[in-house]
>>> print(open('work28.pdb').read())   # PDB, C-alpha atoms, pLDDT in the B column
ATOM      1  CA  MET A   1       0.000   0.000   0.000  1.00 46.00           C
ATOM      2  CA  THR A   2       2.947   2.292  -0.445  1.00 42.00           C
ATOM      3  CA  ASP A   3       5.179   3.694  -3.106  1.00 43.00           C
ATOM      4  CA  ALA A   4       8.871   3.519  -2.308  1.00 40.00           C
ATOM      5  CA  SER A   5       9.881   4.878  -5.693  1.00 41.00           C
ATOM      6  CA  ASP A   6       8.552   8.419  -5.476  1.00 46.00           C
ATOM      7  CA  GLY A   7      10.351   9.464  -2.279  1.00 44.00           C
ATOM      8  CA  ALA A   8      13.739  11.068  -2.017  1.00 44.00           C
ATOM      9  CA  SER A   9      16.575   8.744  -2.922  1.00 43.00           C
ATOM     10  CA  ALA A  10      18.479   7.262  -0.016  1.00 44.00           C
ATOM     11  CA  GLY A  11      21.704   8.769  -1.247  1.00 46.00           C
ATOM     12  CA  GLY A  12      20.251  12.224  -1.905  1.00 47.00           C
ATOM     13  CA  SER A  13      20.956  15.400  -0.028  1.00 53.00           C
ATOM     14  CA  ALA A  14      17.389  15.921   1.178  1.00 69.00           C
ATOM     15  CA  ARG A  15      16.680  16.564   4.849  1.00 85.00           C
ATOM     16  CA  ARG A  16      16.732  13.356   6.880  1.00 93.00           C
ATOM     17  CA  ILE A  17      13.549  11.823   8.301  1.00 96.00           C
ATOM     18  CA  ARG A  18      13.444  12.353  12.067  1.00 97.00           C
ATOM     19  CA  VAL A  19      12.039   9.353  13.962  1.00 98.00           C
ATOM     20  CA  LEU A  20      10.897   8.794  17.542  1.00 98.00           C
ATOM     21  CA  ILE A  21      10.780   5.164  18.769  1.00 97.00           C
ATOM     22  CA  ALA A  22       8.406   4.175  21.590  1.00 97.00           C
ATOM     23  CA  ASP A  23       8.530   0.636  23.008  1.00 96.00           C
ATOM     24  CA  ASP A  24       8.760  -0.650  26.566  1.00 94.00           C
ATOM     25  CA  GLN A  25      11.435  -3.197  25.604  1.00 94.00           C
ATOM     26  CA  GLU A  26      14.919  -1.725  25.376  1.00 95.00           C
ATOM     27  CA  MET A  27      16.053  -4.531  23.060  1.00 95.00           C
ATOM     28  CA  VAL A  28      13.336  -3.651  20.555  1.00 94.00           C
ATOM     29  CA  ARG A  29      14.189   0.049  20.663  1.00 96.00           C
ATOM     30  CA  THR A  30      17.854  -0.738  20.139  1.00 96.00           C
ATOM     31  CA  GLY A  31      17.096  -3.042  17.216  1.00 95.00           C
ATOM     32  CA  PHE A  32      14.882  -0.492  15.506  1.00 96.00           C
ATOM     33  CA  ARG A  33      17.437   2.265  16.069  1.00 96.00           C
ATOM     34  CA  LEU A  34      20.254   0.201  14.555  1.00 96.00           C
ATOM     35  CA  ILE A  35      18.136  -0.675  11.496  1.00 96.00           C
ATOM     36  CA  LEU A  36      16.980   2.885  10.890  1.00 96.00           C
ATOM     37  CA  GLN A  37      20.295   4.627  11.497  1.00 94.00           C
ATOM     38  CA  LEU A  38      21.906   2.495   8.791  1.00 95.00           C
ATOM     39  CA  GLN A  39      19.777   4.498   6.354  1.00 95.00           C
ATOM     40  CA  PRO A  40      21.398   7.754   5.205  1.00 95.00           C
ATOM     41  CA  ASP A  41      17.988   9.463   4.941  1.00 95.00           C
ATOM     42  CA  ILE A  42      16.760   8.574   8.468  1.00 97.00           C
ATOM     43  CA  GLU A  43      17.850   9.624  11.960  1.00 96.00           C
ATOM     44  CA  VAL A  44      16.476   8.558  15.345  1.00 97.00           C
ATOM     45  CA  VAL A  45      15.943  11.663  17.466  1.00 97.00           C
ATOM     46  CA  GLY A  46      14.449  10.089  20.584  1.00 97.00           C
ATOM     47  CA  GLU A  47      13.320   6.955  22.399  1.00 97.00           C
ATOM     48  CA  ALA A  48      10.513   6.424  24.903  1.00 97.00           C
ATOM     49  CA  ALA A  49       9.890   3.468  27.201  1.00 96.00           C
ATOM     50  CA  ASP A  50       6.206   4.205  27.888  1.00 96.00           C
ATOM     51  CA  GLY A  51       3.234   5.986  26.389  1.00 95.00           C
ATOM     52  CA  VAL A  52       3.357   9.084  28.587  1.00 96.00           C
ATOM     53  CA  GLU A  53       7.024   9.687  27.775  1.00 96.00           C
ATOM     54  CA  CYS A  54       6.265   9.120  24.074  1.00 97.00           C
ATOM     55  CA  VAL A  55       3.587  11.819  24.006  1.00 96.00           C
ATOM     56  CA  GLU A  56       5.812  14.265  25.905  1.00 96.00           C
ATOM     57  CA  LEU A  57       8.832  13.661  23.655  1.00 97.00           C
ATOM     58  CA  ALA A  58       6.762  13.743  20.475  1.00 97.00           C
ATOM     59  CA  ARG A  59       5.219  17.104  21.346  1.00 95.00           C
ATOM     60  CA  ARG A  60       8.600  18.538  22.282  1.00 96.00           C
ATOM     61  CA  LEU A  61      10.757  17.098  19.476  1.00 96.00           C
ATOM     62  CA  ARG A  62       8.132  17.151  16.686  1.00 96.00           C
ATOM     63  CA  PRO A  63       9.591  14.136  14.814  1.00 97.00           C
ATOM     64  CA  ASP A  64       8.528  13.391  11.255  1.00 96.00           C
ATOM     65  CA  VAL A  65       7.452   9.862  12.235  1.00 96.00           C
ATOM     66  CA  CYS A  66       6.626   8.172  15.555  1.00 97.00           C
ATOM     67  CA  LEU A  67       7.023   4.386  15.779  1.00 97.00           C
ATOM     68  CA  VAL A  68       4.677   3.323  18.568  1.00 96.00           C
ATOM     69  CA  ASP A  69       4.196  -0.084  20.213  1.00 94.00           C
ATOM     70  CA  ILE A  70       0.651  -1.197  21.092  1.00 91.00           C
ATOM     71  CA  ARG A  71       1.238  -2.423  24.646  1.00 90.00           C
ATOM     72  CA  MET A  72       3.111   0.083  26.793  1.00 93.00           C
ATOM     73  CA  PRO A  73       2.751   1.218  30.406  1.00 92.00           C
ATOM     74  CA  GLY A  74       1.196   4.576  31.199  1.00 91.00           C
ATOM     75  CA  LEU A  75      -0.669   4.968  27.914  1.00 93.00           C
ATOM     76  CA  ASP A  76      -1.069   2.198  25.368  1.00 92.00           C
ATOM     77  CA  GLY A  77      -0.204   2.691  21.711  1.00 92.00           C
ATOM     78  CA  LEU A  78      -3.798   3.250  20.626  1.00 93.00           C
ATOM     79  CA  GLU A  79      -4.279   6.109  23.095  1.00 95.00           C
ATOM     80  CA  VAL A  80      -0.895   7.566  22.131  1.00 95.00           C
ATOM     81  CA  THR A  81      -1.980   7.429  18.484  1.00 94.00           C
ATOM     82  CA  ARG A  82      -5.261   9.233  19.225  1.00 93.00           C
ATOM     83  CA  LEU A  83      -3.448  11.953  21.183  1.00 95.00           C
ATOM     84  CA  LEU A  84      -0.752  12.527  18.563  1.00 95.00           C
ATOM     85  CA  ALA A  85      -2.547  11.808  15.288  1.00 92.00           C
ATOM     86  CA  GLY A  86      -6.285  11.615  15.967  1.00 87.00           C
ATOM     87  CA  PRO A  87      -9.010  13.962  14.725  1.00 81.00           C
ATOM     88  CA  LYS A  88      -8.767  16.118  17.859  1.00 85.00           C
ATOM     89  CA  ALA A  89      -4.968  16.390  17.792  1.00 86.00           C
ATOM     90  CA  VAL A  90      -3.643  19.909  17.289  1.00 84.00           C
ATOM     91  CA  ASP A  91      -0.994  19.894  14.546  1.00 87.00           C
ATOM     92  CA  PRO A  92      -1.066  16.059  14.295  1.00 91.00           C
ATOM     93  CA  LEU A  93       2.016  13.926  13.869  1.00 94.00           C
ATOM     94  CA  ARG A  94       2.511  10.856  11.703  1.00 93.00           C
ATOM     95  CA  VAL A  95       2.295   7.638  13.692  1.00 95.00           C
ATOM     96  CA  VAL A  96       3.143   4.095  12.633  1.00 94.00           C
ATOM     97  CA  VAL A  97       1.963   1.412  15.055  1.00 91.00           C
ATOM     98  CA  VAL A  98       4.412  -1.483  15.348  1.00 89.00           C
ATOM     99  CA  THR A  99       3.322  -4.538  17.298  1.00 85.00           C
ATOM    100  CA  THR A 100       3.724  -8.248  17.903  1.00 83.00           C
ATOM    101  CA  PHE A 101      -0.044  -8.682  18.129  1.00 72.00           C
ATOM    102  CA  ASP A 102      -1.832  -9.313  14.834  1.00 66.00           C
ATOM    103  CA  GLN A 103      -5.372  -8.607  16.031  1.00 70.00           C
ATOM    104  CA  ASP A 104      -8.132  -6.966  14.018  1.00 66.00           C
ATOM    105  CA  ASP A 105      -9.273  -4.726  16.875  1.00 73.00           C
ATOM    106  CA  TYR A 106      -5.754  -3.316  17.117  1.00 78.00           C
ATOM    107  CA  VAL A 107      -5.653  -2.694  13.356  1.00 77.00           C
ATOM    108  CA  TYR A 108      -9.019  -0.911  13.333  1.00 74.00           C
ATOM    109  CA  GLY A 109      -8.215   1.011  16.514  1.00 80.00           C
ATOM    110  CA  ALA A 110      -4.882   2.203  15.165  1.00 82.00           C
ATOM    111  CA  LEU A 111      -6.151   3.277  11.735  1.00 77.00           C
ATOM    112  CA  HIS A 112      -9.307   4.902  13.111  1.00 78.00           C
ATOM    113  CA  GLY A 113      -7.154   6.641  15.721  1.00 84.00           C
ATOM    114  CA  GLY A 114      -5.119   8.344  13.017  1.00 86.00           C
ATOM    115  CA  ALA A 115      -2.168   5.996  12.417  1.00 88.00           C
ATOM    116  CA  CYS A 116      -0.741   6.088   8.912  1.00 84.00           C
ATOM    117  CA  GLY A 117       0.768   2.632   9.190  1.00 84.00           C
ATOM    118  CA  PHE A 118       0.400  -0.692  10.980  1.00 85.00           C
ATOM    119  CA  LEU A 119       3.388  -2.999  11.018  1.00 86.00           C
ATOM    120  CA  LEU A 120       4.104  -6.350  12.643  1.00 85.00           C
ATOM    121  CA  LYS A 121       7.448  -6.599  14.397  1.00 85.00           C
ATOM    122  CA  ASP A 122       8.379  -9.699  12.403  1.00 84.00           C
ATOM    123  CA  ALA A 123       7.789  -7.899   9.077  1.00 80.00           C
ATOM    124  CA  GLY A 124      11.530  -7.441   8.595  1.00 84.00           C
ATOM    125  CA  PRO A 125      13.905  -4.466   8.477  1.00 90.00           C
ATOM    126  CA  GLY A 126      13.106  -3.563   4.871  1.00 88.00           C
ATOM    127  CA  LEU A 127       9.418  -3.068   5.571  1.00 86.00           C
ATOM    128  CA  LEU A 128      10.206  -1.075   8.727  1.00 92.00           C
ATOM    129  CA  VAL A 129      12.336   1.344   6.721  1.00 92.00           C
ATOM    130  CA  GLU A 130       9.713   1.657   3.996  1.00 88.00           C
ATOM    131  CA  ALA A 131       6.972   2.275   6.573  1.00 89.00           C
ATOM    132  CA  VAL A 132       8.978   5.200   7.954  1.00 94.00           C
ATOM    133  CA  ARG A 133       9.598   6.626   4.489  1.00 92.00           C
ATOM    134  CA  ALA A 134       5.945   6.193   3.508  1.00 86.00           C
ATOM    135  CA  ALA A 135       4.720   7.913   6.669  1.00 89.00           C
ATOM    136  CA  SER A 136       7.161  10.792   6.226  1.00 90.00           C
ATOM    137  CA  ARG A 137       5.660  11.679   2.852  1.00 83.00           C
ATOM    138  CA  GLY A 138       2.077  11.333   4.075  1.00 78.00           C
ATOM    139  CA  ASP A 139       1.541   7.884   2.628  1.00 75.00           C
ATOM    140  CA  ALA A 140       0.584   4.682   4.412  1.00 72.00           C
ATOM    141  CA  LEU A 141       1.977   1.187   4.744  1.00 75.00           C
ATOM    142  CA  VAL A 142       0.247  -1.747   6.410  1.00 74.00           C
ATOM    143  CA  SER A 143       1.808  -5.203   6.759  1.00 67.00           C
ATOM    144  CA  PRO A 144       0.714  -7.168   3.656  1.00 60.00           C
ATOM    145  CA  ALA A 145      -0.952 -10.015   5.578  1.00 60.00           C
ATOM    146  CA  VAL A 146      -2.931  -7.504   7.630  1.00 63.00           C
ATOM    147  CA  THR A 147      -3.943  -5.535   4.531  1.00 58.00           C
ATOM    148  CA  VAL A 148      -5.320  -8.589   2.739  1.00 55.00           C
ATOM    149  CA  ARG A 149      -7.352  -9.669   5.759  1.00 61.00           C
ATOM    150  CA  LEU A 150      -8.589  -6.135   6.410  1.00 62.00           C
ATOM    151  CA  LEU A 151      -9.786  -5.613   2.851  1.00 57.00           C
ATOM    152  CA  GLU A 152     -11.359  -9.066   2.677  1.00 59.00           C
ATOM    153  CA  ARG A 153     -13.365  -8.302   5.801  1.00 60.00           C
ATOM    154  CA  ILE A 154     -14.421  -4.939   4.395  1.00 55.00           C
ATOM    155  CA  GLY A 155     -15.531  -6.756   1.248  1.00 55.00           C
ATOM    156  CA  GLU A 156     -17.622  -9.194   3.296  1.00 57.00           C
ATOM    157  CA  GLN A 157     -19.374  -6.295   5.058  1.00 53.00           C
ATOM    158  CA  ARG A 158     -20.265  -4.329   1.923  1.00 52.00           C
ATOM    159  CA  PRO A 159     -23.824  -3.083   1.482  1.00 48.00           C
ATOM    160  CA  ALA A 160     -26.089  -4.397  -1.277  1.00 50.00           C
ATOM    161  CA  ALA A 161     -24.984  -3.902  -4.881  1.00 51.00           C
ATOM    162  CA  ASP A 162     -27.567  -1.171  -5.580  1.00 47.00           C
ATOM    163  CA  ALA A 163     -26.426   0.827  -2.561  1.00 48.00           C
ATOM    164  CA  ARG A 164     -22.786   0.436  -3.564  1.00 47.00           C
ATOM    165  CA  ARG A 165     -23.450   1.623  -7.105  1.00 55.00           C
ATOM    166  CA  ALA A 166     -25.448   4.575  -5.775  1.00 54.00           C
ATOM    167  CA  GLU A 167     -22.589   5.635  -3.498  1.00 58.00           C
ATOM    168  CA  VAL A 168     -20.061   5.443  -6.328  1.00 56.00           C
ATOM    169  CA  SER A 169     -22.310   7.257  -8.827  1.00 57.00           C
ATOM    170  CA  SER A 170     -23.057  10.011  -6.311  1.00 59.00           C
ATOM    171  CA  SER A 171     -19.411  10.444  -5.336  1.00 76.00           C
ATOM    172  CA  PRO A 172     -17.661  13.595  -6.591  1.00 83.00           C
ATOM    173  CA  LEU A 173     -14.870  11.582  -8.235  1.00 88.00           C
ATOM    174  CA  THR A 174     -14.150  11.884 -11.944  1.00 90.00           C
ATOM    175  CA  GLY A 175     -13.770   8.798 -14.125  1.00 88.00           C
ATOM    176  CA  ARG A 176      -9.991   9.096 -14.111  1.00 93.00           C
ATOM    177  CA  GLU A 177      -9.952   9.472 -10.315  1.00 92.00           C
ATOM    178  CA  LEU A 178     -11.986   6.256 -10.055  1.00 89.00           C
ATOM    179  CA  ASP A 179      -9.361   4.576 -12.252  1.00 92.00           C
ATOM    180  CA  VAL A 180      -6.705   5.699  -9.769  1.00 92.00           C
ATOM    181  CA  VAL A 181      -8.813   4.464  -6.835  1.00 89.00           C
ATOM    182  CA  ARG A 182      -9.118   1.002  -8.433  1.00 86.00           C
ATOM    183  CA  LEU A 183      -5.370   0.762  -8.929  1.00 87.00           C
ATOM    184  CA  VAL A 184      -4.645   1.927  -5.374  1.00 83.00           C
ATOM    185  CA  ALA A 185      -7.035  -0.762  -4.105  1.00 78.00           C
ATOM    186  CA  ASP A 186      -5.123  -3.297  -6.201  1.00 76.00           C
ATOM    187  CA  GLY A 187      -1.966  -2.308  -4.311  1.00 69.00           C
ATOM    188  CA  ARG A 188      -0.248  -0.461  -7.179  1.00 76.00           C
ATOM    189  CA  THR A 189       2.463   2.094  -6.445  1.00 76.00           C
ATOM    190  CA  ASN A 190       2.326   5.606  -7.869  1.00 81.00           C
ATOM    191  CA  GLN A 191       4.903   4.655 -10.505  1.00 82.00           C
ATOM    192  CA  GLU A 192       2.860   1.624 -11.532  1.00 84.00           C
ATOM    193  CA  ILE A 193      -0.249   3.818 -11.792  1.00 89.00           C
ATOM    194  CA  CYS A 194       1.734   6.167 -14.064  1.00 91.00           C
ATOM    195  CA  ALA A 195       2.620   3.282 -16.372  1.00 91.00           C
ATOM    196  CA  GLU A 196      -0.901   1.860 -16.399  1.00 92.00           C
ATOM    197  CA  LEU A 197      -2.672   5.159 -17.107  1.00 93.00           C
ATOM    198  CA  PHE A 198       0.087   6.743 -19.235  1.00 94.00           C
ATOM    199  CA  VAL A 199       0.295   9.859 -17.079  1.00 93.00           C
ATOM    200  CA  SER A 200       3.078  11.631 -15.200  1.00 93.00           C
ATOM    201  CA  LEU A 201       3.927  11.113 -11.549  1.00 88.00           C
ATOM    202  CA  SER A 202       2.833  14.655 -10.723  1.00 91.00           C
ATOM    203  CA  THR A 203      -0.555  13.953 -12.329  1.00 94.00           C
ATOM    204  CA  VAL A 204      -0.997  10.825 -10.197  1.00 91.00           C
ATOM    205  CA  LYS A 205      -0.114  12.786  -7.067  1.00 89.00           C
ATOM    206  CA  THR A 206      -2.623  15.484  -8.038  1.00 94.00           C
ATOM    207  CA  HIS A 207      -5.324  12.835  -8.496  1.00 93.00           C
ATOM    208  CA  MET A 208      -4.440  11.282  -5.119  1.00 90.00           C
ATOM    209  CA  ALA A 209      -4.697  14.620  -3.337  1.00 90.00           C
ATOM    210  CA  SER A 210      -8.026  15.341  -5.034  1.00 92.00           C
ATOM    211  CA  ILE A 211      -9.435  11.903  -4.112  1.00 91.00           C
ATOM    212  CA  GLN A 212      -8.450  12.293  -0.473  1.00 88.00           C
ATOM    213  CA  SER A 213      -9.936  15.783  -0.334  1.00 89.00           C
ATOM    214  CA  LYS A 214     -13.227  14.889  -2.046  1.00 89.00           C
ATOM    215  CA  LEU A 215     -13.814  11.709  -0.005  1.00 86.00           C
ATOM    216  CA  ARG A 216     -12.292  13.128   3.194  1.00 83.00           C
ATOM    217  CA  LEU A 217      -9.819  10.265   3.432  1.00 79.00           C
ATOM    218  CA  ARG A 218      -6.352  10.489   4.914  1.00 71.00           C
ATOM    219  CA  ASN A 219      -4.217   7.941   3.074  1.00 74.00           C
ATOM    220  CA  ARG A 220      -3.983   5.032   0.620  1.00 75.00           C
ATOM    221  CA  VAL A 221      -5.326   2.550   3.141  1.00 72.00           C
ATOM    222  CA  GLU A 222      -8.560   4.510   3.531  1.00 77.00           C
ATOM    223  CA  ILE A 223      -8.835   4.947  -0.257  1.00 81.00           C
ATOM    224  CA  ALA A 224      -8.481   1.178  -0.725  1.00 77.00           C
ATOM    225  CA  ALA A 225     -11.013   0.504   2.029  1.00 75.00           C
ATOM    226  CA  TRP A 226     -13.526   2.868   0.373  1.00 79.00           C
ATOM    227  CA  ALA A 227     -12.991   1.107  -2.957  1.00 81.00           C
ATOM    228  CA  TRP A 228     -13.589  -2.335  -1.486  1.00 74.00           C
ATOM    229  CA  ARG A 229     -16.587  -1.239   0.550  1.00 74.00           C
ATOM    230  CA  CYS A 230     -18.238   0.386  -2.450  1.00 77.00           C
ATOM    231  CA  GLY A 231     -17.425  -2.459  -4.827  1.00 73.00           C
ATOM    232  CA  VAL A 232     -15.205  -0.339  -7.035  1.00 76.00           C
ATOM    233  CA  VAL A 233     -12.778  -3.279  -7.049  1.00 68.00           C
ATOM    234  CA  GLY A 234     -14.897  -6.367  -6.567  1.00 53.00           C
ATOM    235  CA  ASP A 235     -17.741  -5.504  -8.973  1.00 47.00           C
ATOM    236  CA  ARG A 236     -15.636  -4.813 -12.050  1.00 43.00           C
TER     237      ARG A 236
END
>>> encode(input="work28.pdb", output="structure tokens")
Amino acid sequence: MTDASDGASAGGSARRIRVLIADDQEMVRTGFRLILQLQPDIEVVGEAADGVECVELARRLRPDVCLVDIRMPGLDGLEVTRLLAGPKAVDPLRVVVVTTFDQDDYVYGALHGGACGFLLKDAGPGLLVEAVRAASRGDALVSPAVTVRLLERIGEQRPAADARRAEVSSSPLTGRELDVVRLVADGRTNQEICAELFVSLSTVKTHMASIQSKLRLRNRVEIAAWAWRCGVVGDR
């Protein structure tokens, strides 16, 4: 659900992505820090061992991305996410929830709370790095196994076909924006959408921004969920 190809190159001179790591296990924090600091475009600016410290550090340091564990003392990761990235957050931050626990209620709670990513700790270092990069540019990455299950469940809970068609037909999206929505729901990157629709990367980004604004959605995950719920994908 992310596009690694349209961010700044790792060897470029762009400003580095500032990351805060929050986890109650020192070994996990150390592991994440070592993985991330090997990347020339990422720096770890702080670590927190509990939810209260995470919120305090995040508000003081204003990192580009917060990596937040689900189960922490003081405040759990879901509450931290709501405080830092939720609808009521003032000047919200970008939060990626990273957890050992692959549970649907955690996934829904994190994404509804404002998280722009949900990653399992066993996803591997490559996916961790890409989740940080995706979040830093306002995109979203969810562990592939979680994404498939999430979208399948959304598909099972869709309204009747007539209601789905009515919602799509009454949506403010243009035909080309619906094409982009379908490709996002299929998991295509921005570059792949460019190739499929024969348009430039800037045009795809313009369409993405317009889709999110018109549907009041925050990221690719929510766009894909809307597409599956409305049958834009499944009813083709």
>>> residues_around(input="work28.pdb", residues="segment 48-64 of chain A", least_positions_apart="6", cutoff="12 Å", atoms="all atoms listed in the file", output="PyMOL selection string")
chain A and resi 15-30+33+42+70-85+89-96+132-138
>>> atom_distance(input="work28.pdb", atom1="atom CA of Leu119 of chain A", atom2="atom CA of Val142 of chain A")
5.7 Å
>>> atom_distance(input="work28.pdb", atom1="atom CA of Gln37 of chain A", atom2="atom CA of Val129 of chain A")
9.8 Å
>>> resolve_selection(input="work28.pdb", expression="the PyMOL selection byres ((chain A and resi 209-214) around 9)", output="NGL selection string")
:A and (171-173 or 177-178 or 180-181 or 204-208 or 215-220 or 222-223)
>>> atom_distance(input="work28.pdb", atom1="atom CA of Val107 of chain A", atom2="atom CA of Lys121 of chain A")
13.7 Å
>>> residues_around(input="work28.pdb", residues="Leu201 of chain A", least_positions_apart="5", cutoff="9 Å", atoms="only C-alpha atoms", output="number ranges by chain")
A: 6, 190-191, 193-194, 206
